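Working notes, beginning with the structure itself.
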Amino acid sequence: MENSENNKPKKPSGTSSSYWIYGILFLAIIGFQLFVFVNPKQQDISFSKFEAMAAAGDIAKVEVSNNKIASIYLKEEAFNKEIHKEASRPGITEKPAYTFNIGPSENFADKIDKMNERISNKIDIVYIEKQNWLGPILTFIVPLIFIIAIWMYIMRKMSGGSSGPGAQIFNIGKSKAMLFEKDQNTHITFADVAGLEEAKEEVMEVVDFLKNPKKYTALGGKIPKGVLLVGPPGTGKTLLAKAVAGEAAVPFFSISGSDFVEMFVGVGASRVRDLFRQAREKAPCIVFIDEIDAVGRARGKSLVQGGNDERENTLNQLLVEMDGFSSDKGVILMAATNRPDILDNALLRPGRFDRQISIDPPDLVGREAIFAVHLKKLKLSPNVTPKELAEMTPGFAGADIANVCNESALVAARRNKKEIDIDDFNFALDRVIGGLEKKNKIIAPEEKQIIAYHEAGHAICGWYLKHASPLVKVTIVPRGIGTLGYAQYLPKEEYITRTEALNDRICMTMGGRAAEKIIFDKISTGAQSDLDQVTKIAYSMVSTFGMNSKVGNVSFLSMSQDNFTRPFSEETAKMMDEEVRLLIDTQYQRAQQLLTEKKLELDTLANELLKKEVLLKSDVERLIGPSPYHIDKRAEPVPFAGQHVSDEKPEEEVKKSES
């Protein structure tokens with residue numbers, strides 16, 4: 001069985017910690033001072049008691065140390081007396097039984113002389129000088145040792161001897177890349193990457209380059225230097241890189257683009273040099289830089305004027321290093337980003353990143369393959385199939401699908417089920433789209449009626465518009481943060497959108513406010529997200545897609561991103577504003593006209609929503625008849641996909657369907 005320790009990526013190696021030795025040494029010195037060299041405490045007595053012991057003949061000798069302390073040593077037979085029962089008895093070394101402070105030495109000598117005149121056993125006083133060398137030495141040595149130990153600890157942390165947060169001062173210019181050796185297993189292979197067949201073919205070819213270079217160089221080909229993975233967030237760029245690390249039988253360096261950026265000048269460039277130095281030593285190998293846009297942003301566009309841009313220095317060093325190693329050394333640079341538009345052109349040219357692999361959100365077949373991978377780990381009911389779930393999730397990326405699968409398992413566990421069925425997936429999808437259901441949220445009857453007609457207006461417009469997305473479900477159950485209700489649609493799998501479809505989308509989105517105006521002759525704040533959505537669509541049609549006859553076939557999107565000023569005049573801006581308002585007003589009037597004609601269906605749908613709160617497509621067909629345009633050939637409608645939210649929160653699912 002393979003040792004799990006071998007599967008972990010290597011970190012900077014350091015010596016074993018020996019700081020416990022310093023602690024033991026420190027405690028030993030303190031204990032040695034306290035328990036060995038420190039004299040035990042003797043019993044203190046008064047001079048009158050000393051005089052009585054002298055008169056009884058119990059005293060063997062008296063020593064006066066440093067003209068301060070008198071130490072009394074008793075005779076051997078004196079310890080048998082009851083009065084000396086508590087006295088300190090001599091052990092291996094001779095020690096006094098009693099001590100007392102003599103006071104002024106002249107007065108003590110006079111007292112001894114007078115006492116010797118009264119008693120028969122004369123007492124001779126021995127004056128000695130004792131010098132305590134150990135105390136001052138330890139007072140100096142112990143703090144010094146403690147300071148040296150702390151200094152050594154800090155220096156080891158600074159020099160990289162430990163992997164703590166302090167190992168950054170002297171080691172700050174070193175690369176932070178994580179190294180996966182060729183004998184390590186990351187437990188992720190190409191079998192775990194689904195829905196990215198074209199991208200897998202490209203990176204598998206790169207792995208084959210490193211495994212069998214002669215197969216390609218024999219024909220005169222050169223191994224590519226760089227591979228750039230480009231795609232929206234959550235589509236599997238980092239997962240694909242991990243699969244490369246799991247499949248490649250070569251060392252794999254993994255680092256984030258932000259690890260190069262520091263506040264110290266020259267640190268980023270130093271780390272780039274150190275990274276490629278290590279890569280050349282391990283060649284053939286792969287270097288993977290995640291989120292390369294953190295360091296590869298286009299030069300010359302920084303707002304800092306007259307200063308030293310550390311990011312540009314780091315990028316310059318990266319460009320030099322990519323040109324520095326030749327293709328026959330077998331060092332391939334892989335990078336991932338979801339913002340290729342802001343990368344520097346010198347970074348993207350052939351010779352540096354020879355291949356740019358686009359990783360888009362998966363289509364129906366790709367989503368089915370992704371679901372098949374994630375569903376292997378779940379206990380499923382027989383009625384759950386990857387194909388059905390793929391049809392329920394258009395526009396979803398791999399990360400979204402993984403989140404839905406995990407959420408469905410949590411829902412089933414919360415309901416104390418033994419396996420996950422399709423109802424759990426539906427609940428999980430509702431929660432992912434609209435948020436957590438607010439069952440205890442109390443809504444006034446008047447507000448609930450407004451919400452019902454608002455959502456019914458969306459549903460009716462989507463039901464009778466030819467180019468609108470098919471309706472799946474409409475509900476007035478509050479969810480998430482401020483979400484009072486929403487209507488779900490099933491966006492079509494399309495890559496281009498015509499003007500008629502965008503107009504119908506605006507009309508359908510304005511159906512909620514139009515319904516409020518027709519029924520109550522008033523409007524509310526519930527259409528805030530509707531207005532935000534239609535404004536974005538309208539401005540895109542006018543200023544980006546060239547779908548307005550008055551403004552013309554122009555597009556200002558890229559020019560607006562490249563410059564801080566507007567690439568058009570004030571007259572053009574005024575014209576665009578007027579055309580956007582005209583476009584939205586036209587579709588708003590169209591929605592009002594449609595809902596006026598279908599007022600009976602609008603009332604029927606709103607009243608049923610007030611009773612049941614949730615209506616599926618089958619319920620809508622039962623109430624107002626089948627849609628003249630959206631005919632579902634499946635026996636059971638699939639309750640999911642894009643949505644419309646009638647609240648003050650922007651709608652993420654519409655963005656997914658638009659992309």
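Every chain in the structure tokens has a letter given in the order shown (A, B, ...), and although residue numbers restart at 1 in each chain, ligands are simply numbered from 1 in the order shown.
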Need the shell around Glu291 in chain A: protein/DNA/RNA residues with any atom at most 12 Å away, counting only C-alpha atoms. Skip same-chain ones fewer than 4 positions apart. Format as a compact mmCIF listing (two decimals) with C-alpha atoms, in the first residue's frame?
# COMPACT_ATOMS: atom_id res chain seq x y z
CA LEU A 228 -2.68 29.12 -21.62
CA LEU A 229 -6.04 27.86 -20.29
CA VAL A 230 -8.73 30.48 -20.81
CA GLY A 231 -12.32 30.25 -19.62
CA PRO A 232 -14.97 31.58 -17.22
CA PRO A 233 -14.74 30.80 -13.50
CA LYS A 237 -9.06 25.12 -15.56
CA THR A 238 -7.34 24.35 -12.28
CA SER A 254 2.21 24.71 -8.98
CA ILE A 255 2.03 28.37 -7.94
CA SER A 256 -0.48 31.23 -7.95
CA GLY A 257 0.11 34.48 -9.78
CA SER A 258 -0.45 36.46 -6.58
CA ASP A 259 2.52 34.69 -4.94
CA PHE A 260 4.87 36.76 -7.08
CA VAL A 295 1.08 39.30 -12.59
CA GLY A 296 0.54 39.35 -16.37
CA ARG A 297 -1.61 42.49 -16.63
CA MET A 334 0.99 26.21 -18.16
CA ALA A 335 -1.18 29.10 -16.95
CA ALA A 336 -4.86 29.70 -16.29
CA THR A 337 -6.94 32.88 -16.32
CA ASN A 338 -10.52 33.99 -16.75
CA ARG A 339 -9.50 37.47 -17.91
CA PRO A 340 -7.40 37.05 -21.07
CA ILE A 342 -6.22 42.26 -19.72
CA LEU A 343 -3.07 40.18 -20.33
Quick one: pick out all strand (DSSP E) residues within range 477-531 of chain A from a backbone DSSP run and write them as number ranges by chain. A: 486-489
With a distance cut-off of 12 Å and only C-alpha atoms, select the neighbouring residues of Asp113 in chain A, excluding the residue or stretch itself and same-chain residues fewer than 4 positions from it, and output the selection as number ranges by chain. A: 51, 106-109, 117-119, 122-125
Prev. selection, all heavy atoms, output as a tab-separated table (two decimals), in the first residue's frame:
chain	number	residue	atom	x	y	z
A	51	GLU	N	22.34	32.17	74.07
A	51	GLU	CA	23.04	32.24	75.35
A	51	GLU	C	22.68	31.05	76.23
A	51	GLU	O	23.53	30.48	76.94
A	51	GLU	CB	22.69	33.55	76.05
A	51	GLU	CG	23.55	33.85	77.26
A	51	GLU	CD	23.25	35.23	77.84
A	51	GLU	OE1	22.29	35.89	77.34
A	51	GLU	OE2	23.96	35.66	78.75
A	106	GLU	N	30.73	44.94	66.55
A	106	GLU	CA	31.37	45.38	67.78
A	106	GLU	C	30.50	45.02	68.99
A	106	GLU	O	30.98	44.51	70.02
A	106	GLU	CB	31.64	46.88	67.75
A	106	GLU	CG	32.61	47.32	66.66
A	106	GLU	CD	31.91	47.48	65.33
A	106	GLU	OE1	30.67	47.28	65.29
A	106	GLU	OE2	32.60	47.76	64.31
A	107	ASN	N	29.21	45.27	68.89
A	107	ASN	CA	28.30	44.95	69.99
A	107	ASN	C	28.24	43.43	70.22
A	107	ASN	O	28.13	42.96	71.36
A	107	ASN	CB	26.91	45.48	69.71
A	107	ASN	CG	26.90	47.00	69.62
A	107	ASN	OD1	27.80	47.66	70.14
A	107	ASN	ND2	25.88	47.55	68.96
A	108	PHE	N	28.29	42.64	69.12
A	108	PHE	CA	28.23	41.18	69.26
A	108	PHE	C	29.46	40.66	70.00
A	108	PHE	O	29.37	39.76	70.85
A	108	PHE	CB	28.10	40.54	67.87
A	108	PHE	CG	28.06	39.04	67.91
A	108	PHE	CD1	26.95	38.38	68.42
A	108	PHE	CD2	29.15	38.29	67.46
A	108	PHE	CE1	26.92	37.00	68.45
A	108	PHE	CE2	29.11	36.91	67.51
A	108	PHE	CZ	27.99	36.26	68.00
A	109	ALA	N	30.60	41.21	69.69
A	109	ALA	CA	31.83	40.77	70.38
A	109	ALA	C	31.77	41.09	71.87
A	109	ALA	O	32.18	40.28	72.72
A	109	ALA	CB	33.05	41.43	69.73
A	117	GLU	N	32.07	35.35	80.56
A	117	GLU	CA	32.40	35.57	81.96
A	117	GLU	C	31.40	34.87	82.87
A	117	GLU	O	31.72	34.51	84.01
A	117	GLU	CB	32.42	37.06	82.27
A	117	GLU	CG	33.55	37.80	81.57
A	117	GLU	CD	33.50	39.30	81.81
A	117	GLU	OE1	32.52	39.74	82.50
A	117	GLU	OE2	34.38	40.03	81.32
A	118	ARG	N	30.15	34.60	82.39
A	118	ARG	CA	29.11	34.03	83.24
A	118	ARG	C	29.01	32.52	83.12
A	118	ARG	O	28.43	31.86	83.98
A	118	ARG	CB	27.75	34.64	82.90
A	118	ARG	CG	27.68	36.14	83.15
A	118	ARG	CD	26.23	36.63	83.05
A	118	ARG	NE	25.66	36.35	81.73
A	118	ARG	CZ	25.68	37.20	80.72
A	118	ARG	NH1	26.28	38.39	80.87
A	118	ARG	NH2	25.16	36.88	79.56
A	119	ILE	N	29.51	31.94	82.00
A	119	ILE	CA	29.33	30.50	81.79
A	119	ILE	C	30.68	29.82	81.88
A	119	ILE	O	31.75	30.43	81.73
A	119	ILE	CB	28.70	30.23	80.42
A	119	ILE	CG1	29.60	30.72	79.29
A	119	ILE	CG2	27.31	30.86	80.31
A	119	ILE	CD1	29.07	30.42	77.91
A	122	LYS	N	33.32	28.06	77.57
A	122	LYS	CA	33.61	29.25	76.81
A	122	LYS	C	33.30	29.03	75.31
A	122	LYS	O	33.53	27.95	74.76
A	122	LYS	CB	35.08	29.65	76.97
A	122	LYS	CG	35.53	29.79	78.43
A	122	LYS	CD	34.74	30.88	79.14
A	122	LYS	CE	35.23	31.03	80.58
A	122	LYS	NZ	34.47	32.08	81.30
A	123	ILE	N	32.81	30.09	74.68
A	123	ILE	CA	32.47	30.05	73.24
A	123	ILE	C	33.51	30.84	72.48
A	123	ILE	O	33.74	32.03	72.77
A	123	ILE	CB	31.07	30.61	72.98
A	123	ILE	CG1	30.02	29.82	73.75
A	123	ILE	CG2	30.76	30.61	71.48
A	123	ILE	CD1	29.91	28.38	73.35
A	124	ASP	N	34.13	30.16	71.51
A	124	ASP	CA	35.07	30.84	70.62
A	124	ASP	C	34.37	31.15	69.29
A	124	ASP	O	33.77	30.26	68.67
A	124	ASP	CB	36.30	29.97	70.37
A	124	ASP	CG	37.13	29.78	71.63
A	124	ASP	OD1	37.11	30.70	72.45
A	124	ASP	OD2	37.76	28.71	71.76
A	125	ILE	N	34.49	32.37	68.88
A	125	ILE	CA	33.84	32.82	67.63
A	125	ILE	C	34.88	32.80	66.51
A	125	ILE	O	35.98	33.34	66.68
A	125	ILE	CB	33.25	34.22	67.79
A	125	ILE	CG1	32.30	34.27	69.00
A	125	ILE	CG2	32.50	34.63	66.52
A	125	ILE	CD1	31.12	33.35	68.89
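Using only C-alpha atoms, the shortest contact distance between Lys473 in chain A and any of A:Glu621, A:Asp530, A:Glu570, A:Asp208 is found at A:Glu621.
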Between A:Ala97, A:Ala369, A:Leu347, A:Leu595, single out the one closest to Gly462 in chain A, counting only C-alpha atoms. A:Leu595
As a ChimeraX atom specification, please: the residues near Leu465 in chain A (cut-off 8 Å, only C-alpha atoms, same-chain neighbours under 6 positions excluded). /A:504,508,629
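Closest approach to Lys68 in chain A among A:Ile102, A:Ala606, A:Leu219, A:Ala399: A:Ile102, based on only C-alpha atoms.
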Residues of range 208-446 of chain A classed as alpha helix (DSSP H) by DSSP on the backbone are to be reported as a PyMOL selection string. chain A and resi 208-211+214-217+237-247+267-282+310-324+345-348+364-375+386-392+398-414+422-434+445-446
